[in-house]
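What's in query.csv: CSV, C-alpha atoms and all ligand atoms
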chain,number,residue,atom,x,y,z
A,1,MET,CA,0.4,-40.6,90.8
A,2,SER,CA,2.4,-37.9,89.0
A,3,ALA,CA,2.4,-34.4,90.3
A,4,SER,CA,0.4,-33.1,87.3
A,5,ALA,CA,-2.2,-35.8,87.8
A,6,ASN,CA,-2.7,-34.9,91.5
A,7,PRO,CA,-5.2,-32.1,91.5
A,8,THR,CA,-4.2,-31.0,95.0
A,9,ILE,CA,-0.7,-30.1,94.0
A,10,SER,CA,-0.9,-29.5,90.3
A,11,ARG,CA,-0.5,-26.0,89.0
A,12,ASP,CA,-1.7,-26.9,85.6
A,13,ASP,CA,-5.2,-26.5,86.8
A,14,THR,CA,-4.7,-22.9,87.7
A,15,VAL,CA,-6.1,-20.2,85.4
A,16,THR,CA,-5.1,-16.6,86.1
A,17,ILE,CA,-6.7,-13.8,84.0
A,18,ALA,CA,-6.2,-10.0,84.3
A,19,ILE,CA,-9.1,-7.7,83.5
A,20,MET,CA,-8.0,-4.3,82.2
A,21,GLY,CA,-9.7,-1.4,80.4
A,22,ALA,CA,-10.7,2.2,80.9
A,23,THR,CA,-12.3,3.3,84.1
A,24,GLY,CA,-16.1,2.6,84.1
A,25,SER,CA,-15.7,0.0,81.3
A,26,GLY,CA,-17.2,-2.7,83.4
A,27,LYS,CA,-14.1,-4.6,84.7
A,28,SER,CA,-15.4,-5.2,88.3
A,29,THR,CA,-18.9,-6.0,87.0
A,30,PHE,CA,-17.4,-8.7,84.8
A,31,VAL,CA,-15.3,-10.1,87.7
A,32,ASN,CA,-18.4,-10.1,89.9
A,33,ARG,CA,-20.5,-11.9,87.3
A,34,ALA,CA,-17.9,-14.5,86.6
A,35,SER,CA,-16.8,-15.3,90.1
A,36,ASN,CA,-19.9,-14.4,92.1
A,37,SER,CA,-17.8,-11.9,94.0
A,38,ARG,CA,-18.9,-8.6,95.4
A,39,LEU,CA,-16.2,-6.2,94.3
A,40,GLU,CA,-17.4,-2.6,94.4
A,41,GLU,CA,-18.9,-1.4,91.1
A,42,SER,CA,-19.1,2.2,90.1
A,43,GLY,CA,-22.4,4.0,89.8
A,44,SER,CA,-21.0,7.4,89.3
A,45,LEU,CA,-18.5,9.2,87.1
A,46,GLU,CA,-15.8,8.7,89.7
A,47,SER,CA,-13.5,5.8,89.3
A,48,CYS,CA,-14.2,2.9,91.7
A,49,THR,CA,-11.4,0.3,91.7
A,50,ASP,CA,-8.2,2.2,92.5
A,51,ASN,CA,-6.0,-0.8,93.3
A,52,VAL,CA,-5.3,-4.2,91.9
A,53,VAL,CA,-7.9,-6.5,93.4
A,54,VAL,CA,-7.7,-10.3,93.4
A,55,ALA,CA,-11.2,-11.9,93.3
A,56,GLU,CA,-12.1,-15.1,95.2
A,57,PRO,CA,-10.9,-18.1,93.1
A,58,PHE,CA,-13.7,-20.3,91.7
A,59,LEU,CA,-14.0,-23.6,89.9
A,60,LEU,CA,-14.8,-23.7,86.2
A,61,ASP,CA,-14.6,-27.0,84.3
A,62,GLY,CA,-12.5,-28.4,87.2
A,63,LYS,CA,-10.0,-25.6,86.9
A,64,VAL,CA,-9.2,-23.0,89.7
A,65,VAL,CA,-9.8,-19.6,88.1
A,66,THR,CA,-8.6,-16.4,89.6
A,67,LEU,CA,-9.5,-13.1,88.1
A,68,ILE,CA,-7.5,-9.9,88.7
A,69,ASP,CA,-9.4,-6.6,88.7
A,70,THR,CA,-7.3,-3.5,87.9
A,71,PRO,CA,-7.8,0.3,87.9
A,72,GLY,CA,-8.0,2.0,84.5
A,73,PHE,CA,-5.0,4.2,83.5
A,74,ASP,CA,-7.6,7.1,83.3
A,75,ASP,CA,-8.5,6.6,87.0
A,76,THR,CA,-9.9,9.8,88.5
A,77,THR,CA,-8.1,9.5,91.8
A,78,LYS,CA,-4.7,8.0,90.8
A,79,THR,CA,-2.3,9.2,88.2
A,80,GLU,CA,-1.2,7.1,85.2
A,81,ALA,CA,2.2,6.6,86.8
A,82,GLU,CA,0.6,5.4,90.0
A,83,VAL,CA,-1.7,3.0,88.2
A,84,LEU,CA,1.2,1.7,86.1
A,85,GLY,CA,3.3,1.3,89.2
A,86,LEU,CA,0.5,-0.8,90.9
A,87,ILE,CA,-0.2,-3.0,88.0
A,88,SER,CA,3.4,-3.6,87.1
A,89,ALA,CA,4.3,-4.4,90.8
A,90,PHE,CA,1.5,-6.9,90.9
A,91,LEU,CA,2.5,-8.5,87.6
A,92,SER,CA,6.2,-8.7,88.5
A,93,ALA,CA,5.5,-10.1,92.1
A,94,THR,CA,3.3,-12.8,90.7
A,95,TYR,CA,5.7,-13.6,87.8
A,96,LYS,CA,8.5,-13.9,90.3
A,97,GLN,CA,6.4,-16.5,92.2
A,98,GLY,CA,6.2,-18.5,89.0
A,99,ARG,CA,2.7,-17.4,87.9
A,100,THR,CA,2.1,-16.5,84.2
A,101,LEU,CA,-1.2,-15.1,83.1
A,102,ASN,CA,-3.3,-17.4,80.9
A,103,GLY,CA,-4.7,-14.3,79.2
A,104,VAL,CA,-6.0,-10.7,79.5
A,105,ILE,CA,-9.4,-9.4,78.9
A,106,TYR,CA,-9.6,-5.7,77.8
A,107,MET,CA,-13.1,-4.5,78.5
A,108,GLN,CA,-14.6,-2.1,75.9
A,109,ASN,CA,-17.9,-0.3,76.2
A,110,ILE,CA,-19.6,-0.7,72.9
A,111,THR,CA,-21.7,2.4,73.4
A,112,ILE,CA,-18.8,4.8,72.9
A,113,HIS,CA,-18.9,6.3,69.4
A,114,ARG,CA,-15.6,8.1,69.6
A,115,MET,CA,-12.2,6.9,70.6
A,116,GLY,CA,-11.2,10.1,72.5
A,117,GLY,CA,-7.7,11.0,73.7
A,118,MET,CA,-8.1,9.2,77.1
A,119,ALA,CA,-9.5,6.0,75.5
A,120,ARG,CA,-6.7,5.9,73.0
A,121,LYS,CA,-4.1,6.5,75.6
A,122,ASN,CA,-5.5,3.8,77.8
A,123,PHE,CA,-5.3,1.2,75.0
A,124,ARG,CA,-1.9,2.4,73.9
A,125,LEU,CA,-0.5,1.9,77.5
A,126,PHE,CA,-2.3,-1.5,77.7
A,127,ARG,CA,-0.5,-2.5,74.5
A,128,LYS,CA,2.8,-1.5,75.8
A,129,LEU,CA,2.1,-3.4,79.0
A,130,CYS,CA,1.3,-6.6,77.0
A,131,GLY,CA,3.7,-6.3,74.1
A,132,ASP,CA,2.9,-7.6,70.6
A,133,ALA,CA,4.0,-11.2,71.4
A,134,THR,CA,1.2,-11.6,74.0
A,135,LEU,CA,-1.6,-10.1,72.0
A,136,LYS,CA,-2.6,-13.6,71.0
A,137,ASN,CA,-3.7,-14.1,74.6
A,138,VAL,CA,-5.8,-10.9,74.6
A,139,LEU,CA,-9.6,-10.8,74.2
A,140,ILE,CA,-11.2,-7.5,73.8
A,141,ALA,CA,-14.6,-8.0,75.4
A,142,THR,CA,-17.3,-5.5,74.2
A,143,ASN,CA,-20.1,-5.0,76.7
A,144,MET,CA,-23.1,-2.8,77.5
A,145,TRP,CA,-24.8,-4.1,74.3
A,146,SER,CA,-28.2,-3.7,75.9
A,147,ASP,CA,-27.7,0.1,76.2
A,148,VAL,CA,-27.6,0.7,72.5
A,149,ASN,CA,-29.6,-0.2,69.3
A,150,PRO,CA,-28.3,-3.6,68.2
A,151,THR,CA,-27.7,-2.5,64.6
A,152,LEU,CA,-25.8,0.5,65.7
A,153,ALA,CA,-23.8,-1.6,68.2
A,154,ALA,CA,-22.9,-4.1,65.5
A,155,GLN,CA,-21.7,-1.2,63.2
A,156,ARG,CA,-19.6,0.1,66.0
A,157,GLU,CA,-18.1,-3.3,66.6
A,158,ARG,CA,-17.1,-3.5,62.9
A,159,GLU,CA,-15.6,0.0,63.1
A,160,MET,CA,-13.6,-0.9,66.2
A,161,ALA,CA,-12.2,-4.0,64.5
A,162,GLU,CA,-11.4,-2.2,61.2
A,163,LYS,CA,-10.2,1.2,62.2
A,164,ASP,CA,-6.6,1.9,63.0
A,165,ILE,CA,-7.7,4.4,65.7
A,166,PHE,CA,-9.4,1.5,67.5
A,167,PHE,CA,-8.2,-2.1,67.6
A,168,LYS,CA,-7.3,-3.0,64.0
A,169,SER,CA,-3.5,-3.2,64.5
A,170,ALA,CA,-3.9,-5.2,67.8
A,171,ILE,CA,-6.3,-7.6,66.0
A,172,GLU,CA,-3.8,-8.1,63.1
A,173,LYS,CA,-1.2,-9.1,65.7
A,174,GLY,CA,-3.5,-11.7,67.4
A,175,ALA,CA,-6.0,-10.0,69.7
A,176,ARG,CA,-9.6,-11.0,69.2
A,177,MET,CA,-12.9,-9.2,69.9
A,178,VAL,CA,-15.7,-11.1,71.8
A,179,ARG,CA,-19.1,-10.0,72.9
A,180,HIS,CA,-20.2,-10.0,76.6
A,181,ASP,CA,-23.8,-9.7,77.4
A,182,ASN,CA,-23.3,-9.2,81.2
A,183,THR,CA,-24.5,-12.8,82.1
A,184,VAL,CA,-22.6,-15.4,84.0
A,185,GLU,CA,-22.7,-17.7,81.0
A,186,SER,CA,-21.2,-15.1,78.7
A,187,ALA,CA,-18.4,-14.3,81.3
A,188,HIS,CA,-17.7,-18.1,81.6
A,189,ARG,CA,-17.7,-18.5,77.8
A,190,ILE,CA,-15.0,-15.8,77.5
A,191,ILE,CA,-13.0,-17.4,80.3
A,192,ARG,CA,-13.2,-20.8,78.6
A,193,GLU,CA,-11.7,-19.3,75.5
A,194,ILE,CA,-8.8,-18.1,77.5
A,195,MET,CA,-8.4,-21.5,79.1
A,196,GLY,CA,-7.4,-22.7,75.6
A,197,PHE,CA,-4.5,-20.2,75.4
A,198,THR,CA,-0.9,-21.0,76.2
A,199,PRO,CA,0.1,-18.9,79.2
A,200,ALA,CA,2.8,-16.3,78.4
A,201,PRO,CA,4.5,-13.5,80.3
A,202,LEU,CA,3.5,-9.9,79.4
A,203,GLN,CA,6.1,-7.5,78.1
A,204,ILE,CA,6.2,-5.6,81.4
A,205,GLN,CA,6.9,-8.9,83.2
A,206,ARG,CA,9.8,-9.7,80.9
A,207,GLU,CA,11.1,-6.2,81.2
A,208,THR,CA,10.9,-5.7,84.9
A,209,VAL,CA,11.8,-9.3,86.0
A,210,ASP,CA,13.8,-11.1,83.2
A,211,GLU,CA,15.6,-8.0,82.1
A,212,ASN,CA,15.5,-6.2,85.5
A,213,LYS,CA,14.6,-2.9,84.0
A,214,PRO,CA,13.4,0.0,86.2
A,215,LEU,CA,9.8,0.9,85.5
A,216,PRO,CA,10.5,4.2,83.8
A,217,GLU,CA,12.7,2.4,81.3
A,218,THR,CA,10.0,-0.1,80.3
A,219,ASP,CA,8.0,0.6,77.1
A,220,ALA,CA,4.9,1.6,79.2
A,221,GLY,CA,7.0,3.6,81.6
A,222,GLN,CA,8.6,5.6,78.8
A,223,ASP,CA,5.2,6.3,77.3
A,224,VAL,CA,4.0,7.8,80.6
A,225,LYS,CA,7.3,9.7,81.0
A,226,ALA,CA,7.1,11.2,77.5
A,227,GLY,CA,3.5,12.3,78.2
A,228,LEU,CA,4.5,14.0,81.4
A,229,GLU,CA,7.4,15.8,79.7
A,230,GLU,CA,5.1,17.0,77.0
A,231,GLN,CA,2.7,18.4,79.6
A,232,LEU,CA,5.6,20.0,81.4
A,233,THR,CA,6.8,21.8,78.3
A,234,ARG,CA,3.2,22.9,77.5
A,235,TYR,CA,2.5,24.3,81.0
A,236,LYS,CA,5.9,26.1,81.1
A,237,THR,CA,5.2,27.8,77.8
A,238,GLU,CA,1.7,28.8,78.9
A,239,VAL,CA,3.1,30.2,82.3
A,240,ALA,CA,5.7,32.2,80.4
A,241,GLU,CA,3.1,33.7,78.0
A,242,LEU,CA,0.8,34.5,80.8
A,243,ARG,CA,3.5,36.1,82.8
A,244,GLY,CA,4.4,38.3,79.8
A,245,THR,CA,0.7,39.4,79.4
A,246,ILE,CA,0.5,40.3,83.1
A,247,GLN,CA,3.7,42.3,82.9
A,248,GLU,CA,2.4,44.3,79.9
A,249,LEU,CA,-0.9,45.1,81.7
A,250,LEU,CA,1.1,46.2,84.8
A,251,GLN,CA,3.3,48.4,82.8
A,252,ALA,CA,0.2,50.0,81.2
A,253,LYS,CA,-0.8,51.2,84.7
A,254,ASP,CA,-4.4,51.5,83.4
A,255,ASP,CA,-7.2,51.0,85.9
A,256,LYS,CA,-9.5,49.5,83.2
A,257,HIS,CA,-7.3,46.4,83.1
A,258,ARG,CA,-7.7,45.8,86.9
A,259,GLU,CA,-10.4,43.1,86.4
A,260,ASP,CA,-8.4,41.4,83.5
A,261,LEU,CA,-5.4,41.4,85.7
A,262,GLN,CA,-7.3,39.7,88.5
A,263,GLU,CA,-8.5,37.0,86.1
A,264,LEU,CA,-5.1,36.5,84.6
A,265,ARG,CA,-3.5,36.1,88.1
A,266,GLU,CA,-6.1,33.5,89.0
A,267,ALA,CA,-5.4,31.6,85.7
A,268,MET,CA,-1.7,31.9,86.6
A,269,ARG,CA,-2.2,30.3,90.0
A,270,ASP,CA,-4.2,27.4,88.4
A,271,LEU,CA,-1.6,26.9,85.8
A,272,GLN,CA,1.2,26.9,88.4
A,273,GLY,CA,-0.7,24.4,90.5
A,274,GLN,CA,-1.0,22.1,87.5
A,275,LEU,CA,2.7,22.6,86.7
A,276,THR,CA,3.7,21.7,90.2
A,277,LYS,CA,1.5,18.5,90.1
A,278,VAL,CA,3.1,17.4,86.8
A,279,GLN,CA,6.6,18.2,88.1
A,280,ALA,CA,5.9,16.1,91.2
A,281,GLU,CA,4.6,13.3,89.0
A,282,ALA,CA,7.6,13.3,86.7
A,283,HIS,CA,9.9,13.4,89.8
A,284,ARG,CA,8.1,10.4,91.3
A,285,LEU,CA,8.4,8.4,88.2
A,286,ARG,CA,12.1,9.4,87.8
A,287,GLU,CA,13.4,9.3,91.3
A,288,GLU,CA,11.1,7.5,93.6
A,289,HIS,CA,10.2,4.5,91.5
A,290,GLU,CA,12.7,2.2,93.2
A,291,ALA,CA,11.4,2.9,96.7
A,292,SER,CA,7.7,2.7,95.6
A,293,ARG,CA,8.4,-0.3,93.5
A,294,ARG,CA,9.9,-2.1,96.5
A,295,GLU,CA,7.0,-1.1,98.7
A,296,TYR,CA,4.4,-2.0,96.1
A,297,GLU,CA,6.2,-5.3,95.3
A,298,GLU,CA,6.3,-6.3,99.0
A,299,LYS,CA,2.6,-5.6,99.3
A,300,MET,CA,1.7,-7.3,96.0
A,301,GLY,CA,4.0,-10.2,96.9
A,302,ARG,CA,1.9,-10.8,100.1
A,303,MET,CA,-1.3,-10.4,98.0
A,304,ALA,CA,0.0,-13.0,95.5
A,305,GLU,CA,0.8,-15.4,98.4
A,306,ALA,CA,-2.7,-15.0,99.8
A,307,MET,CA,-4.1,-15.6,96.4
A,308,ALA,CA,-2.1,-18.9,96.1
A,309,ALA,CA,-3.3,-20.0,99.6
A,310,ARG,CA,-6.9,-19.3,98.6
A,311,GLU,CA,-6.5,-21.4,95.5
A,312,ALA,CA,-5.0,-24.2,97.5
A,313,GLU,CA,-7.9,-24.2,99.9
A,314,LEU,CA,-10.3,-24.3,96.9
A,315,ARG,CA,-8.4,-27.3,95.5
A,316,MET,CA,-8.6,-29.1,98.9
A,317,ALA,CA,-12.3,-28.4,99.1
A,318,ARG,CA,-12.7,-29.8,95.5
A,319,GLU,CA,-10.7,-32.9,96.5
A,320,ALA,CA,-12.7,-33.5,99.6
A,321,ARG,CA,-15.9,-33.2,97.6
A,322,ALA,CA,-14.5,-35.6,95.0
A,323,ARG,CA,-13.6,-38.1,97.8
A,324,ARG,CA,-17.0,-37.8,99.4
A,325,GLY,CA,-18.6,-38.3,95.9
A,326,CYS,CA,-16.4,-41.5,95.4
A,327,ALA,CA,-17.3,-42.8,98.9
A,328,GLU,CA,-21.0,-42.2,98.3
A,329,GLY,CA,-20.7,-43.9,94.9
A,330,ARG,CA,-19.0,-46.9,96.5
A,331,GLY,CA,-21.8,-46.9,99.2
A,332,ARG,CA,-24.4,-47.0,96.5
A,333,THR,CA,-22.8,-49.8,94.5
A,334,ALA,CA,-22.0,-51.9,97.7
B,1,LIG,N1,-25.7,-2.4,80.8
B,1,LIG,C1,-24.5,-2.7,81.3
B,1,LIG,N2,-23.9,-2.0,82.3
B,1,LIG,C2,-22.7,-2.4,82.7
B,1,LIG,C3,-22.1,-3.6,82.2
B,1,LIG,N3,-20.9,-3.7,82.8
B,1,LIG,C4,-20.8,-2.7,83.7
B,1,LIG,N4,-21.9,-1.9,83.7
B,1,LIG,C5,-22.2,-0.8,84.5
B,1,LIG,O1,-21.1,0.2,84.3
B,1,LIG,C6,-20.8,0.9,85.5
B,1,LIG,C7,-19.3,0.8,85.7
B,1,LIG,O2,-18.9,-0.6,85.9
B,1,LIG,P1,-17.7,-1.1,86.8
B,1,LIG,O3,-17.7,-2.5,86.8
B,1,LIG,O4,-17.6,-0.4,88.1
B,1,LIG,O5,-16.5,-0.5,85.9
B,1,LIG,P2,-14.9,-0.6,86.2
B,1,LIG,O6,-14.3,-0.8,84.9
B,1,LIG,O7,-14.6,-1.6,87.2
B,1,LIG,O8,-14.6,0.9,86.7
B,1,LIG,P3,-13.4,1.4,87.6
B,1,LIG,O9,-13.3,0.5,88.8
B,1,LIG,O10,-13.7,2.8,87.9
B,1,LIG,O11,-12.1,1.3,86.7
B,1,LIG,C8,-21.6,0.2,86.6
B,1,LIG,O12,-22.7,1.1,86.8
B,1,LIG,C9,-22.1,-1.1,86.0
B,1,LIG,O13,-23.3,-1.5,86.5
B,1,LIG,C10,-22.7,-4.3,81.1
B,1,LIG,O14,-22.2,-5.3,80.6
B,1,LIG,N5,-23.9,-3.8,80.7
B,2,MG,MG,-13.7,-1.4,89.0

Since I need it in another form, could you write the structure as structure tokens?
Ligand SMILES: Nc1nc2c(ncn2[C@@H]2O[C@H](COP(=O)(O)OP(=O)(O)OP(=O)(O)O)[C@@H](O)[C@H]2O)c(=O)[nH]1
Ligand SMILES: [Mg+2]
Amino acid sequence: MSASANPTISRDDTVTIAIMGATGSGKSTFVNRASNSRLEESGSLESCTDNVVVAEPFLLDGKVVTLIDTPGFDDTTKTEAEVLGLISAFLSATYKQGRTLNGVIYMQNITIHRMGGMARKNFRLFRKLCGDATLKNVLIATNMWSDVNPTLAAQREREMAEKDIFFKSAIEKGARMVRHDNTVESAHRIIREIMGFTPAPLQIQRETVDENKPLPETDAGQDVKAGLEEQLTRYKTEVAELRGTIQELLQAKDDKHREDLQELREAMRDLQGQLTKVQAEAHRLREEHEASRREYEEKMGRMAEAMAAREAELRMAREARARRGCAEGRGRTA
């Protein structure tokens, strides 16, 4: 028997799919539906999944399917740079172990009527992570259809597909939109579509592993870096302006400005707090990425090994079942 024909050692029967999308878009719910897992779902405005989480592998059409749940770049507890660090460390650790994703599902809530700044940024970073060449392996799964009037939802779906601000350009380059109605059948239908794709590395995997680029120099890393630099410039200008106003009021030595001064000083403290945060974030991305990358990659490497071990167990269980089935069949025909 050839290696590929032996289901206990074949890797051709492995399907790995990453689920990405904005926070609260329904990623963990999709994973739970599809794999019968119990990953935590969010019932509040706070983000829920703040790490990369590997779901229990499950069998679908004889294949071993593993879904990877991820945090959104707009996570409320982790910064964009941290989320990018986590996702890219997981993707490079698994790629180094010879695993290539069969596809990526980008979850999109159909009830949103505006592609706000955060949503746009989330999708832009997602695209930089994937790269144009891998968009053919991307399904944009719209969900929450039951929460909105069907005619309106269908209209939004069309808008999302046809407007530049949404997914038009990604669709032109190979991504496709599919509907998910929050049932197991719907989740499995989407996964079956992905099973037909040819696995391909994402851009971030090619950049960090094949080209050995540090994270801040990848396309996605540069995007995050540019965003931080923009924020830094804006905060610095605002601090300078506020300092000037405070100085003017102090020079006026007028008691009637005392309350204004108090408010301005508080605003200044807030602004300086924000500025310090952004500076720390920019520093982390610039200086500490190597250390955190190593740490993340070691952790993610262990996670990837555990994932492969669980898949092997599932294969063995499937084989044992098949052998039992054969023995029972022989028993019946004897
Ligand atoms: N009606 C409806 N609600 C959904 C669907 N998918 C998710 N939800 C609800 O949306 C909320 C957020 O879902 P999650 O699965 O936690 O979203 P997430 O993308 O994992 O969020 P983070 O972990 O914070 O990034 C939960 O209250 C879910 O019950 C869906 O298809 N239909
Ligand atoms: Mg989640």

Quiz item: Restricting the calculation to only C-alpha atoms and all ligand atoms, which member of A:Thr79, A:Ser35, A:Ser92, A:Gln108 is positioned closest to ligand LIG 1 (chain B)?
Solution: A:Gln108

Quiz item: How would you write, as JSON, numbers by chain, the set of residues no farther than 10 Å from ligand LIG 1 (chain B) when counting all atoms listed in the file?
Solution: {"A": [19, 20, 21, 22, 23, 24, 25, 26, 27, 28, 29, 30, 31, 32, 33, 39, 40, 41, 42, 43, 44, 45, 46, 47, 48, 49, 50, 51, 52, 53, 69, 70, 71, 72, 73, 74, 75, 76, 77, 106, 107, 108, 109, 110, 111, 141, 142, 143, 144, 145, 146, 147, 148, 179, 180, 181, 182, 183, 187]}

Quiz prompt | Nearest to ligand MG 2 (chain B) by atom-to-atom distance, counting only C-alpha atoms and all ligand atoms, from A:Ile191, A:Arg324, A:Lys96, A:Ala55 | solution =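 Nearest candidate to ligand MG 2 (chain B) out of A:Ile191, A:Arg324, A:Lys96, A:Ala55: A:Ala55.
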
Quiz item: Do you have the CA of Gln203 in chain A-CA of Leu129 in chain A distance handy?
Solution: 5.8 Å

Quiz item: So how many Å separate CA of Met118 in chain A and CA of Ile140 in chain A, to one decimal?
Solution: 17.3 Å

Please provide the set of residues having any atom within 12 Å of Gln97 in chain A, restricted to all atoms listed in the file, with same-chain residues fewer than 4 positions apart removed, written as a PDB file with C-alpha atoms, in the frame of the given file.
ATOM      1  CA  PHE A  90       1.500  -6.900  90.900  1.00  0.00           C
ATOM      2  CA  LEU A  91       2.500  -8.500  87.600  1.00  0.00           C
ATOM      3  CA  SER A  92       6.200  -8.700  88.500  1.00  0.00           C
ATOM      4  CA  ALA A  93       5.500 -10.100  92.100  1.00  0.00           C
ATOM      5  CA  LEU A 101      -1.200 -15.100  83.100  1.00  0.00           C
ATOM      6  CA  GLN A 205       6.900  -8.900  83.200  1.00  0.00           C
ATOM      7  CA  VAL A 209      11.800  -9.300  86.000  1.00  0.00           C
ATOM      8  CA  GLU A 297       6.200  -5.300  95.300  1.00  0.00           C
ATOM      9  CA  MET A 300       1.700  -7.300  96.000  1.00  0.00           C
ATOM     10  CA  GLY A 301       4.000 -10.200  96.900  1.00  0.00           C
ATOM     11  CA  ARG A 302       1.900 -10.800 100.100  1.00  0.00           C
ATOM     12  CA  MET A 303      -1.300 -10.400  98.000  1.00  0.00           C
ATOM     13  CA  ALA A 304       0.000 -13.000  95.500  1.00  0.00           C
ATOM     14  CA  GLU A 305       0.800 -15.400  98.400  1.00  0.00           C
ATOM     15  CA  ALA A 306      -2.700 -15.000  99.800  1.00  0.00           C
ATOM     16  CA  MET A 307      -4.100 -15.600  96.400  1.00  0.00           C
ATOM     17  CA  ALA A 308      -2.100 -18.900  96.100  1.00  0.00           C
TER      18      ALA A 308
END

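The neighbours of Asn137 in chain A here are the residues that come within 7 Å of it, using all atoms listed in the file and leaving out any residue fewer than 2 positions away in the same chain; they are A:Gly103, A:Val104, A:Thr134, A:Leu135, A:Leu139, A:Ala175, A:Phe197.
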
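From CA of Gly116 in chain A back to CA of Glu80 in chain A, the distance works out to 16.4 Å.
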
Quiz item: What would the list of residues within 12 Å of (-0.6, 44.0, 78.5) (file frame) look like as a PyMOL selection string, if only C-alpha atoms are what count?
Solution: chain A and resi 241-254+256-258+260-261+264

Using the partial input, fill out range 203-215 of chain A with N, CA and C atoms; write the result as a PDB file, in the coordinates of the input.
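What landed in out39.pdb:
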ATOM      1  N   GLN A 203       4.833  -8.278  78.318  1.00  0.00           N
ATOM      2  CA  GLN A 203       6.100  -7.500  78.100  1.00  0.00           C
ATOM      3  C   GLN A 203       6.616  -6.896  79.363  1.00  0.00           C
ATOM      4  N   ILE A 204       5.711  -6.308  80.159  1.00  0.00           N
ATOM      5  CA  ILE A 204       6.200  -5.600  81.400  1.00  0.00           C
ATOM      6  C   ILE A 204       6.789  -6.600  82.360  1.00  0.00           C
ATOM      7  N   GLN A 205       6.329  -7.854  82.353  1.00  0.00           N
ATOM      8  CA  GLN A 205       6.900  -8.900  83.200  1.00  0.00           C
ATOM      9  C   GLN A 205       8.313  -9.244  82.746  1.00  0.00           C
ATOM     10  N   ARG A 206       8.444  -9.381  81.435  1.00  0.00           N
ATOM     11  CA  ARG A 206       9.800  -9.700  80.900  1.00  0.00           C
ATOM     12  C   ARG A 206      10.727  -8.566  81.173  1.00  0.00           C
ATOM     13  N   GLU A 207      10.234  -7.343  80.988  1.00  0.00           N
ATOM     14  CA  GLU A 207      11.100  -6.200  81.200  1.00  0.00           C
ATOM     15  C   GLU A 207      11.546  -6.017  82.628  1.00  0.00           C
ATOM     16  N   THR A 208      10.553  -6.058  83.550  1.00  0.00           N
ATOM     17  CA  THR A 208      10.900  -5.700  84.900  1.00  0.00           C
ATOM     18  C   THR A 208      11.553  -6.923  85.669  1.00  0.00           C
ATOM     19  N   VAL A 209      11.219  -8.159  85.279  1.00  0.00           N
ATOM     20  CA  VAL A 209      11.800  -9.300  86.000  1.00  0.00           C
ATOM     21  C   VAL A 209      12.948  -9.936  85.225  1.00  0.00           C
ATOM     22  N   ASP A 210      12.685 -10.404  83.995  1.00  0.00           N
ATOM     23  CA  ASP A 210      13.800 -11.100  83.200  1.00  0.00           C
ATOM     24  C   ASP A 210      14.912 -10.130  82.911  1.00  0.00           C
ATOM     25  N   GLU A 211      14.553  -8.895  82.521  1.00  0.00           N
ATOM     26  CA  GLU A 211      15.600  -8.000  82.100  1.00  0.00           C
ATOM     27  C   GLU A 211      15.972  -6.972  83.212  1.00  0.00           C
ATOM     28  N   ASN A 212      15.264  -7.075  84.351  1.00  0.00           N
ATOM     29  CA  ASN A 212      15.500  -6.200  85.500  1.00  0.00           C
ATOM     30  C   ASN A 212      15.552  -4.716  85.213  1.00  0.00           C
ATOM     31  N   LYS A 213      14.655  -4.294  84.340  1.00  0.00           N
ATOM     32  CA  LYS A 213      14.600  -2.900  84.000  1.00  0.00           C
ATOM     33  C   LYS A 213      13.807  -2.080  85.008  1.00  0.00           C
ATOM     34  N   PRO A 214      14.251  -0.885  85.377  1.00  0.00           N
ATOM     35  CA  PRO A 214      13.400   0.000  86.200  1.00  0.00           C
ATOM     36  C   PRO A 214      12.146   0.370  85.442  1.00  0.00           C
ATOM     37  N   LEU A 215      11.059   0.567  86.161  1.00  0.00           N
ATOM     38  CA  LEU A 215       9.800   0.900  85.500  1.00  0.00           C
ATOM     39  C   LEU A 215       9.848   2.007  84.474  1.00  0.00           C
TER      40      LEU A 215
END
